[in-house]
$ cat my_file32.cif   # mmCIF, C-alpha atoms
data_query
#
loop_
_atom_site.label_atom_id
_atom_site.label_comp_id
_atom_site.auth_asym_id
_atom_site.auth_seq_id
_atom_site.Cartn_x
_atom_site.Cartn_y
_atom_site.Cartn_z
CA MET P 28 -29.76 -14.84 0.01
CA MET P 29 -28.03 -17.24 -2.31
CA LYS P 30 -24.32 -17.60 -1.65
CA TYR P 31 -23.22 -18.83 -5.05
CA PRO P 32 -25.17 -17.74 -8.17
CA LEU P 33 -23.13 -20.27 -10.17
CA ARG P 34 -21.81 -23.66 -9.06
CA ILE P 35 -19.96 -26.26 -11.08
CA GLN P 36 -19.87 -29.78 -9.72
CA ASP P 37 -17.51 -32.44 -11.08
CA LEU P 38 -17.68 -31.24 -14.69
CA HIS P 39 -16.08 -33.54 -17.26
CA TRP P 40 -16.00 -32.90 -20.98
CA SER P 41 -14.51 -34.91 -23.83
CA PHE P 42 -14.27 -34.35 -27.57
CA SER P 43 -13.51 -37.22 -29.95
CA GLU P 44 -12.40 -39.37 -27.01
CA GLN P 45 -9.99 -36.66 -25.85
CA ARG P 46 -10.60 -35.48 -22.30
CA ILE P 47 -10.77 -31.65 -22.26
CA LEU P 48 -12.17 -31.00 -18.76
CA ASP P 49 -11.42 -33.40 -15.95
CA GLY P 50 -13.55 -32.99 -12.83
CA VAL P 51 -13.86 -29.19 -12.54
CA ASN P 52 -15.46 -27.88 -9.34
CA LEU P 53 -16.18 -24.17 -8.89
CA SER P 54 -18.31 -21.94 -6.70
CA ILE P 55 -18.64 -18.48 -8.23
CA GLN P 56 -19.43 -15.60 -5.87
CA LYS P 57 -21.78 -12.80 -6.85
CA GLY P 58 -20.18 -9.54 -7.97
CA LYS P 59 -16.63 -10.87 -8.32
CA PHE P 60 -14.32 -10.55 -11.34
CA TYR P 61 -12.87 -13.95 -12.28
CA SER P 62 -10.20 -14.53 -14.91
CA ILE P 63 -9.55 -17.98 -16.36
CA ILE P 64 -5.96 -18.43 -17.49
CA GLY P 65 -3.89 -21.38 -18.66
CA PRO P 66 -1.90 -22.59 -21.66
CA ASN P 67 -3.54 -23.45 -24.98
CA GLY P 68 -5.50 -26.69 -24.73
CA SER P 69 -6.05 -26.43 -20.98
CA GLY P 70 -9.84 -26.21 -21.38
CA LYS P 71 -10.50 -22.49 -20.84
CA THR P 72 -12.93 -21.92 -23.71
CA THR P 73 -14.58 -25.31 -23.22
CA LEU P 74 -15.28 -24.43 -19.59
CA LEU P 75 -16.77 -21.06 -20.58
CA LYS P 76 -18.94 -22.65 -23.29
CA ASN P 77 -20.28 -25.19 -20.81
CA ILE P 78 -21.20 -22.41 -18.38
CA GLY P 79 -23.02 -20.53 -21.13
CA SER P 80 -24.67 -23.70 -22.50
CA ILE P 81 -23.10 -23.08 -25.91
CA LEU P 82 -21.92 -26.64 -25.40
CA SER P 83 -24.50 -28.85 -23.74
CA PRO P 84 -23.26 -29.60 -20.22
CA VAL P 85 -23.95 -32.89 -18.51
CA LYS P 86 -26.98 -32.92 -16.24
CA ASN P 87 -26.35 -32.04 -12.58
CA THR P 88 -22.94 -30.44 -13.20
CA ILE P 89 -23.74 -26.72 -13.62
CA PHE P 90 -26.19 -24.92 -11.34
CA LEU P 91 -27.37 -21.39 -12.10
CA GLU P 92 -29.03 -19.81 -9.07
CA GLU P 93 -29.36 -23.33 -7.64
CA GLN P 94 -31.15 -24.66 -10.74
CA ASP P 95 -29.63 -27.30 -12.98
CA ILE P 96 -28.81 -25.31 -16.12
CA THR P 97 -29.94 -28.21 -18.32
CA SER P 98 -33.49 -27.70 -17.01
CA LEU P 99 -33.61 -24.05 -18.13
CA SER P 100 -34.78 -22.77 -21.53
CA ARG P 101 -32.37 -20.88 -23.81
CA ARG P 102 -34.45 -17.76 -23.20
CA LYS P 103 -34.19 -18.09 -19.41
CA ILE P 104 -30.43 -18.65 -19.60
CA ALA P 105 -30.08 -15.58 -21.85
CA GLN P 106 -31.84 -13.47 -19.22
CA LYS P 107 -29.16 -14.44 -16.71
CA ILE P 108 -25.98 -14.96 -18.77
CA ALA P 109 -24.52 -12.82 -21.56
CA SER P 110 -21.55 -14.05 -23.59
CA VAL P 111 -18.92 -12.45 -25.79
CA PRO P 112 -17.31 -15.20 -27.92
CA GLN P 113 -13.86 -15.30 -29.52
CA ASN P 114 -15.33 -15.35 -33.02
CA THR P 115 -17.38 -12.23 -33.68
CA GLU P 116 -17.98 -12.84 -37.40
CA VAL P 117 -21.60 -12.12 -38.41
CA ASP P 118 -23.00 -13.55 -41.66
CA PHE P 119 -25.81 -11.03 -42.08
CA SER P 120 -25.66 -7.35 -43.05
CA PHE P 121 -27.26 -5.92 -39.93
CA THR P 122 -26.27 -2.48 -38.71
CA ALA P 123 -24.18 -2.23 -35.56
CA PHE P 124 -27.22 -0.81 -33.73
CA ASP P 125 -29.38 -3.76 -34.86
CA ILE P 126 -26.77 -6.17 -33.48
CA VAL P 127 -26.71 -4.43 -30.09
CA LEU P 128 -30.51 -4.30 -29.99
CA MET P 129 -30.51 -8.11 -30.29
CA GLY P 130 -29.31 -8.12 -26.69
CA ARG P 131 -32.88 -7.24 -25.72
CA THR P 132 -34.40 -10.27 -27.49
CA PRO P 133 -34.59 -12.51 -24.36
CA TYR P 134 -37.04 -10.07 -22.82
CA LEU P 135 -39.42 -9.77 -25.78
CA GLY P 136 -42.59 -11.76 -26.22
CA ARG P 137 -43.38 -13.62 -29.41
CA PHE P 138 -43.90 -11.17 -32.30
CA GLN P 139 -43.12 -8.29 -29.92
CA GLY P 140 -40.91 -5.47 -31.20
CA GLU P 141 -38.33 -3.52 -29.24
CA SER P 142 -39.66 -0.64 -27.14
CA LYS P 143 -38.20 2.84 -26.78
CA GLU P 144 -36.72 1.65 -23.48
CA ASP P 145 -34.97 -1.24 -25.29
CA GLN P 146 -33.58 1.22 -27.83
CA LYS P 147 -32.39 3.50 -25.03
CA ILE P 148 -30.61 0.58 -23.32
CA ALA P 149 -28.91 -0.33 -26.62
CA GLU P 150 -27.83 3.28 -27.15
CA GLU P 151 -26.36 3.48 -23.65
CA ALA P 152 -24.44 0.24 -24.21
CA MET P 153 -22.98 1.56 -27.47
CA LYS P 154 -21.95 4.83 -25.87
CA MET P 155 -20.29 2.89 -23.05
CA THR P 156 -18.26 0.88 -25.58
CA HIS P 157 -17.53 3.90 -27.81
CA THR P 158 -19.39 2.36 -30.75
CA TRP P 159 -22.33 4.78 -31.05
CA HIS P 160 -20.65 6.80 -33.83
CA PHE P 161 -20.80 3.84 -36.21
CA ARG P 162 -24.26 2.65 -35.19
CA SER P 163 -25.54 2.86 -38.80
CA LYS P 164 -22.62 0.95 -40.34
CA LYS P 165 -23.09 -2.66 -41.42
CA ILE P 166 -21.50 -5.04 -38.93
CA ASN P 167 -19.52 -6.86 -41.64
CA GLU P 168 -17.99 -3.54 -42.77
CA LEU P 169 -16.34 -2.98 -39.40
CA SER P 170 -12.81 -3.95 -38.42
CA GLY P 171 -12.29 -6.91 -36.10
CA GLY P 172 -11.70 -4.59 -33.13
CA GLU P 173 -14.78 -2.47 -33.87
CA ARG P 174 -16.90 -5.58 -34.26
CA GLN P 175 -15.59 -6.94 -30.96
CA ARG P 176 -16.73 -3.79 -29.18
CA VAL P 177 -20.18 -3.98 -30.82
CA ILE P 178 -20.61 -7.56 -29.59
CA MET P 179 -19.51 -6.38 -26.15
CA ALA P 180 -22.20 -3.68 -26.32
CA ARG P 181 -24.79 -6.31 -27.20
CA ALA P 182 -23.83 -8.31 -24.11
CA ILE P 183 -24.08 -5.20 -21.93
CA ALA P 184 -27.52 -4.38 -23.40
CA GLN P 185 -28.64 -7.86 -22.35
CA LYS P 186 -28.58 -6.63 -18.73
CA THR P 187 -27.65 -9.95 -17.12
CA SER P 188 -26.11 -10.62 -13.73
CA LEU P 189 -23.36 -12.84 -15.22
CA LEU P 190 -21.06 -11.84 -18.10
CA LEU P 191 -18.85 -14.41 -19.88
CA LEU P 192 -15.96 -13.09 -21.96
CA ASP P 193 -13.82 -15.34 -24.15
CA GLU P 194 -10.62 -13.43 -24.92
CA PRO P 195 -12.54 -10.14 -25.16
CA ILE P 196 -9.49 -8.04 -26.04
CA SER P 197 -7.78 -10.36 -28.53
CA HIS P 198 -8.51 -8.17 -31.58
CA LEU P 199 -7.98 -4.81 -29.91
CA ASP P 200 -5.03 -2.44 -29.85
CA LEU P 201 -3.51 -1.54 -26.49
CA GLN P 202 -5.64 1.57 -25.97
CA HIS P 203 -8.89 -0.29 -26.56
CA GLN P 204 -7.72 -3.28 -24.50
CA ILE P 205 -7.40 -1.03 -21.46
CA GLU P 206 -10.69 0.75 -22.26
CA VAL P 207 -12.57 -2.55 -22.44
CA MET P 208 -11.01 -3.91 -19.26
CA LYS P 209 -11.82 -0.70 -17.37
CA MET P 210 -15.38 -0.75 -18.72
CA VAL P 211 -15.93 -4.36 -17.67
CA LYS P 212 -14.46 -3.64 -14.23
CA LYS P 213 -16.81 -0.65 -13.90
CA LEU P 214 -19.81 -2.87 -14.71
CA ASN P 215 -18.52 -5.39 -12.21
CA GLN P 216 -18.06 -2.88 -9.40
CA GLN P 217 -20.95 -0.47 -9.93
CA GLN P 218 -23.67 -2.89 -11.08
CA GLU P 219 -22.41 -6.04 -9.30
CA VAL P 220 -22.21 -7.93 -12.58
CA THR P 221 -20.28 -11.15 -12.00
CA VAL P 222 -17.59 -11.45 -14.68
CA ILE P 223 -15.83 -14.61 -15.87
CA ALA P 224 -13.23 -13.81 -18.53
CA VAL P 225 -10.79 -16.01 -20.40
CA LEU P 226 -7.58 -13.99 -20.73
CA HIS P 227 -4.18 -14.72 -22.23
CA ASP P 228 -2.44 -11.65 -20.83
CA LEU P 229 -1.39 -12.62 -17.30
CA ASN P 230 -0.61 -9.05 -16.33
CA LEU P 231 -4.07 -7.79 -17.29
CA ALA P 232 -5.58 -10.73 -15.42
CA ALA P 233 -3.50 -9.76 -12.39
CA GLU P 234 -4.60 -6.12 -12.52
CA TYR P 235 -8.34 -6.54 -12.98
CA SER P 236 -9.28 -9.83 -11.32
CA ASP P 237 -10.56 -10.48 -7.84
CA ILE P 238 -9.88 -14.18 -8.37
CA ILE P 239 -7.80 -16.03 -10.97
CA ILE P 240 -8.59 -19.61 -12.01
CA LEU P 241 -5.52 -21.36 -13.43
CA LEU P 242 -6.38 -24.34 -15.60
CA HIS P 243 -3.86 -27.01 -16.51
CA GLU P 244 -4.66 -30.15 -18.52
CA GLY P 245 -8.40 -29.76 -17.91
CA SER P 246 -8.22 -29.35 -14.14
CA ILE P 247 -7.96 -26.39 -11.79
CA LEU P 248 -4.34 -26.04 -10.72
CA ALA P 249 -5.05 -23.00 -8.54
CA MET P 250 -7.90 -20.60 -7.75
CA ASP P 251 -7.28 -17.61 -5.50
CA HIS P 252 -6.30 -13.94 -5.38
CA PRO P 253 -3.85 -13.06 -8.21
CA LYS P 254 -0.83 -12.82 -5.87
CA ASN P 255 -1.45 -16.38 -4.67
CA VAL P 256 -1.98 -17.88 -8.14
CA LEU P 257 0.63 -16.03 -10.17
CA THR P 258 3.71 -17.48 -8.54
CA LYS P 259 6.93 -18.55 -10.27
CA GLU P 260 6.29 -22.18 -9.32
CA ARG P 261 2.74 -22.35 -10.67
CA ILE P 262 3.56 -20.51 -13.89
CA LYS P 263 6.46 -22.89 -14.43
CA GLU P 264 4.21 -25.91 -13.83
CA ALA P 265 1.39 -24.70 -16.09
CA TYR P 266 3.27 -22.93 -18.89
CA GLY P 267 6.76 -24.45 -18.65
CA LEU P 268 8.08 -20.90 -18.45
CA GLU P 269 10.64 -19.29 -16.16
CA VAL P 270 9.49 -15.86 -15.02
CA TYR P 271 10.48 -13.01 -12.76
CA ILE P 272 7.64 -11.58 -10.67
CA MET P 273 7.66 -8.06 -9.27
CA LYS P 274 4.98 -5.85 -7.74
CA ASN P 275 3.41 -3.20 -9.90
CA PRO P 276 4.46 -0.06 -7.96
CA MET P 277 1.13 1.65 -8.76
CA THR P 278 -1.28 -1.14 -7.80
CA GLN P 279 0.83 -3.60 -5.78
CA ARG P 280 -0.47 -6.37 -8.05
CA PRO P 281 1.97 -9.01 -9.41
CA HIS P 282 3.66 -8.19 -12.70
CA ILE P 283 5.13 -11.09 -14.66
CA ILE P 284 8.27 -10.76 -16.77
CA PRO P 285 9.35 -13.82 -18.82
CA ILE P 286 13.00 -14.81 -18.48
CA THR P 287 14.39 -15.27 -21.99
#

$ encode --input "my_file32.cif" --output "C-alpha cells"
Amino acid sequence: MMKYPLRIQDLHWSFSEQRILDGVNLSIQKGKFYSIIGPNGSGKTTLLKNIGSILSPVKNTIFLEEQDITSLSRRKIAQKIASVPQNTEVDFSFTAFDIVLMGRTPYLGRFQGESKEDQKIAEEAMKMTHTWHFRSKKINELSGGERQRVIMARAIAQKTSLLLLDEPISHLDLQHQIEVMKMVKKLNQQQEVTVIAVLHDLNLAAEYSDIIILLHEGSILAMDHPKNVLTKERIKEAYGLEVYIMKNPMTQRPHIIPIT
C-alpha cells in the first residue's frame, strides 16, 4: 500500500525572475484534510497550480502515486485530481448541469457521450452542493457564490481521490461558507478524499484541517496539526500580526483573535 499518494520534492518556481516557491518538500497522506495558509505572495496558489499541473511543474519534483506527474497525460491527471480554482468565470452559456457533467469527461472515450450513470453522478453532486434547483440556468447568469458551488459540484462529480481547492469560500456568505466546509469535510471523512485547500480564514483552517501548511516567502514555515502551527510566534513571523489565541470551547481547536 502506498504511503504517500502525493509527494513534492524540492519544488522551485519563478515568474519573471521572481522566485515564488523556494525548495518546497511535502509528503501528503491519503485521506487527510490539508489547509495551505500564508500571507499574500507567499506562494499558496502557485503551489496548488503546480500540484494540479495547471502550471507545468519541473520534472522529478511532483510525484502522483509514485509517478512523475510530468509523465502523465492531462486525462490521467484529471482522473486522479479535481480542482476548484479562484476564478470561476465561464465564457460559454452552458447550463449549470452541463458544467457539472463536464466533471465526467476524463472517463469518456473519444466521441463517447455521457451515460445515465454519469448524469446520476452529476445530479448527486449538485444536490450535495445545493445547486440542483438551478440546474437549467445558464452558468453566466448565476451569482459568484452560486457559480462557485456549481464548480465545486463539477469537481465532486469528477470522483477523484485528491481534491484541490483554491479559496473555495471566497465568494460565499457565511452560511454557505460553513456549508461548503462541512461538505468537503464529509467527502474527506466518508470517502477518504484527500483535500488540499488554500484558505485565508485561519479560524476555518483551524476547525476543519487535520494538517496546516504555513507558507512564508515561498517556503514552508511550519506543517503540523493546527494547534502546533497556529501559534502567536509563527503568526507574527508570517503575517507580522499580533494575535491572541484561545481554545474554541466547542471543539478545543485554536481560535485566533487579532490584537488591534

$ residues_around --input "my_file32.cif" --residues "Gln56 in chain P" --least-positions-apart "4" --cutoff "7 Å" --atoms "all atoms listed in the file" --output "PyMOL selection string"
chain P and resi 30-32

$ write_last_selection --input "my_file32.cif" --atoms "C-alpha atoms" --output "PDB file, in the frame of the given file"
ATOM      1  CA  LYS P  30     -24.320 -17.600  -1.650  1.00  0.00           C
ATOM      2  CA  TYR P  31     -23.220 -18.830  -5.050  1.00  0.00           C
ATOM      3  CA  PRO P  32     -25.170 -17.740  -8.170  1.00  0.00           C
TER       4      PRO P  32
END

$ resolve_selection --input "my_file32.cif" --expression "the PyMOL selection byres ((chain P and resi 94-99) around 10)" --output "list in words"
Pro32, Leu33, Arg34, Ile35, Asn77, Ile78, Gly79, Ser80, Ser83, Pro84, Val85, Lys86, Asn87, Thr88, Ile89, Phe90, Leu91, Glu92, Glu93, Ser100, Arg101, Arg102, Lys103, Ile104 and Ala105 of chain P

$ residues_around --input "my_file32.cif" --residues "range 126-128 of chain P" --least-positions-apart "6" --cutoff "8 Å" --atoms "all atoms listed in the file" --output "count of residues only"
13

$ resolve_selection --input "my_file32.cif" --expression "the PyMOL selection byres ((chain P and resi 76) around 12)" --output "MDAnalysis selection string"
chainID P and resid 40 48 70:75 77:84 89 108:113 191:193 223:225

$ closest_residue --input "my_file32.cif" --among "P:Ile47, P:Met250, P:Leu169, P:Leu135" --to "Tyr61 in chain P" --atoms "all atoms listed in the file"
P:Met250

$ residues_around --input "my_file32.cif" --residues "His198 in chain P" --least-positions-apart "5" --cutoff "12 Å" --atoms "only C-alpha atoms" --output "count of residues only"
15

$ atom_distance --input "my_file32.cif" --atom1 "CA of Gly65 in chain P" --atom2 "CA of His227 in chain P"
7.6 Å

$ atom_distance --input "my_file32.cif" --atom1 "CA of Leu229 in chain P" --atom2 "CA of Asp37 in chain P"
26.3 Å

$ closest_residue --input "my_file32.cif" --among "P:Asp125, P:Asp251, P:Glu219, P:Glu44" --to "Ser163 in chain P" --atoms "only C-alpha atoms"
P:Asp125

$ resolve_selection --input "my_file32.cif" --expression "the PyMOL selection byres ((chain P and resi 212) around 12)" --output "PyMOL selection string"
chain P and resi 58-62+190+205-211+213-224+231-232+234-237

$ atom_distance --input "my_file32.cif" --atom1 "CA of Ala249 in chain P" --atom2 "CA of Thr187 in chain P"
27.5 Å

$ residues_near_point --input "my_file32.cif" --point "(-4.6, -23.5, -13.9)" --cutoff "9 Å" --atoms "only C-alpha atoms" --output "PyMOL selection string"
chain P and resi 63-66+69+239-250+256+261-262+265

$ residues_around --input "my_file32.cif" --residues "Lys259 in chain P" --least-positions-apart "3" --cutoff "8 Å" --atoms "all atoms listed in the file" --output "list in words"
Ile262, Lys263, Glu269, Val270, Tyr271 and Ile272 of chain P

$ write_last_selection --input "my_file32.cif" --atoms "C-alpha atoms" --output "PDB file, in the coordinates of the input"
ATOM      1  CA  ILE P 262       3.560 -20.510 -13.890  1.00  0.00           C
ATOM      2  CA  LYS P 263       6.460 -22.890 -14.430  1.00  0.00           C
ATOM      3  CA  GLU P 269      10.640 -19.290 -16.160  1.00  0.00           C
ATOM      4  CA  VAL P 270       9.490 -15.860 -15.020  1.00  0.00           C
ATOM      5  CA  TYR P 271      10.480 -13.010 -12.760  1.00  0.00           C
ATOM      6  CA  ILE P 272       7.640 -11.580 -10.670  1.00  0.00           C
TER       7      ILE P 272
END

$ build_atoms --input "my_file32.cif" --residues "range 33-68 of chain P" --atoms "N, CA and C atoms" --output "compact mmCIF listing (two decimals), in the frame of the given file"
# COMPACT_ATOMS: atom_id res chain seq x y z
N LEU P 33 -23.56 -19.25 -9.21
CA LEU P 33 -23.13 -20.27 -10.17
C LEU P 33 -22.26 -21.29 -9.46
N ARG P 34 -22.62 -22.56 -9.61
CA ARG P 34 -21.81 -23.66 -9.06
C ARG P 34 -21.55 -24.69 -10.15
N ILE P 35 -20.33 -25.20 -10.15
CA ILE P 35 -19.96 -26.26 -11.08
C ILE P 35 -19.50 -27.45 -10.26
N GLN P 36 -20.07 -28.60 -10.54
CA GLN P 36 -19.87 -29.78 -9.72
C GLN P 36 -19.38 -30.94 -10.57
N ASP P 37 -18.11 -31.27 -10.42
CA ASP P 37 -17.51 -32.44 -11.08
C ASP P 37 -17.80 -32.47 -12.58
N LEU P 38 -17.42 -31.37 -13.25
CA LEU P 38 -17.68 -31.24 -14.69
C LEU P 38 -16.57 -31.92 -15.49
N HIS P 39 -16.98 -32.87 -16.31
CA HIS P 39 -16.08 -33.54 -17.26
C HIS P 39 -16.56 -33.22 -18.67
N TRP P 40 -15.62 -33.14 -19.59
CA TRP P 40 -16.00 -32.90 -20.98
C TRP P 40 -14.95 -33.51 -21.90
N SER P 41 -15.42 -34.28 -22.87
CA SER P 41 -14.51 -34.91 -23.83
C SER P 41 -14.95 -34.58 -25.25
N PHE P 42 -13.99 -34.56 -26.16
CA PHE P 42 -14.27 -34.35 -27.57
C PHE P 42 -13.46 -35.36 -28.37
N SER P 43 -14.17 -36.17 -29.15
CA SER P 43 -13.51 -37.22 -29.95
C SER P 43 -12.58 -38.07 -29.09
N GLU P 44 -13.11 -38.51 -27.95
CA GLU P 44 -12.40 -39.37 -27.01
C GLU P 44 -11.22 -38.70 -26.32
N GLN P 45 -11.05 -37.40 -26.55
CA GLN P 45 -9.99 -36.66 -25.85
C GLN P 45 -10.61 -35.90 -24.68
N ARG P 46 -10.09 -36.13 -23.49
CA ARG P 46 -10.60 -35.48 -22.30
C ARG P 46 -10.13 -34.02 -22.28
N ILE P 47 -11.09 -33.08 -22.28
CA ILE P 47 -10.77 -31.65 -22.26
C ILE P 47 -10.89 -31.09 -20.85
N LEU P 48 -11.99 -31.42 -20.15
CA LEU P 48 -12.17 -31.00 -18.76
C LEU P 48 -12.24 -32.25 -17.89
N ASP P 49 -11.57 -32.20 -16.76
CA ASP P 49 -11.42 -33.40 -15.95
C ASP P 49 -11.79 -33.11 -14.49
N GLY P 50 -13.09 -33.13 -14.20
CA GLY P 50 -13.55 -32.99 -12.83
C GLY P 50 -13.41 -31.58 -12.27
N VAL P 51 -13.94 -30.58 -12.99
CA VAL P 51 -13.86 -29.19 -12.54
C VAL P 51 -14.94 -28.91 -11.50
N ASN P 52 -14.53 -28.31 -10.39
CA ASN P 52 -15.46 -27.88 -9.34
C ASN P 52 -15.21 -26.40 -9.05
N LEU P 53 -16.29 -25.61 -9.10
CA LEU P 53 -16.18 -24.17 -8.89
C LEU P 53 -17.40 -23.65 -8.15
N SER P 54 -17.21 -22.68 -7.29
CA SER P 54 -18.31 -21.94 -6.70
C SER P 54 -18.02 -20.46 -6.95
N ILE P 55 -18.84 -19.85 -7.80
CA ILE P 55 -18.64 -18.48 -8.23
C ILE P 55 -19.45 -17.53 -7.35
N GLN P 56 -18.77 -16.56 -6.76
CA GLN P 56 -19.43 -15.60 -5.87
C GLN P 56 -20.01 -14.42 -6.67
N LYS P 57 -21.12 -13.92 -6.20
CA LYS P 57 -21.78 -12.80 -6.85
C LYS P 57 -20.90 -11.55 -6.79
N GLY P 58 -20.84 -10.83 -7.93
CA GLY P 58 -20.18 -9.54 -7.97
C GLY P 58 -18.67 -9.58 -8.01
N LYS P 59 -18.08 -10.75 -8.23
CA LYS P 59 -16.63 -10.87 -8.32
C LYS P 59 -16.18 -10.89 -9.78
N PHE P 60 -14.93 -10.51 -10.01
CA PHE P 60 -14.32 -10.55 -11.34
C PHE P 60 -13.35 -11.73 -11.36
N TYR P 61 -13.70 -12.75 -12.15
CA TYR P 61 -12.87 -13.95 -12.28
C TYR P 61 -12.18 -13.94 -13.64
N SER P 62 -10.91 -14.29 -13.65
CA SER P 62 -10.20 -14.53 -14.91
C SER P 62 -9.80 -16.00 -14.96
N ILE P 63 -10.01 -16.61 -16.12
CA ILE P 63 -9.55 -17.98 -16.36
C ILE P 63 -8.31 -17.89 -17.23
N ILE P 64 -7.21 -18.43 -16.74
CA ILE P 64 -5.96 -18.43 -17.49
C ILE P 64 -5.47 -19.87 -17.62
N GLY P 65 -4.46 -20.05 -18.46
CA GLY P 65 -3.89 -21.38 -18.66
C GLY P 65 -3.36 -21.49 -20.07
N PRO P 66 -2.47 -22.43 -20.32
CA PRO P 66 -1.90 -22.59 -21.66
C PRO P 66 -2.96 -23.06 -22.66
N ASN P 67 -2.64 -22.95 -23.94
CA ASN P 67 -3.54 -23.45 -24.98
C ASN P 67 -3.84 -24.92 -24.74
N GLY P 68 -5.11 -25.29 -24.91
CA GLY P 68 -5.50 -26.69 -24.73
C GLY P 68 -5.81 -27.08 -23.31
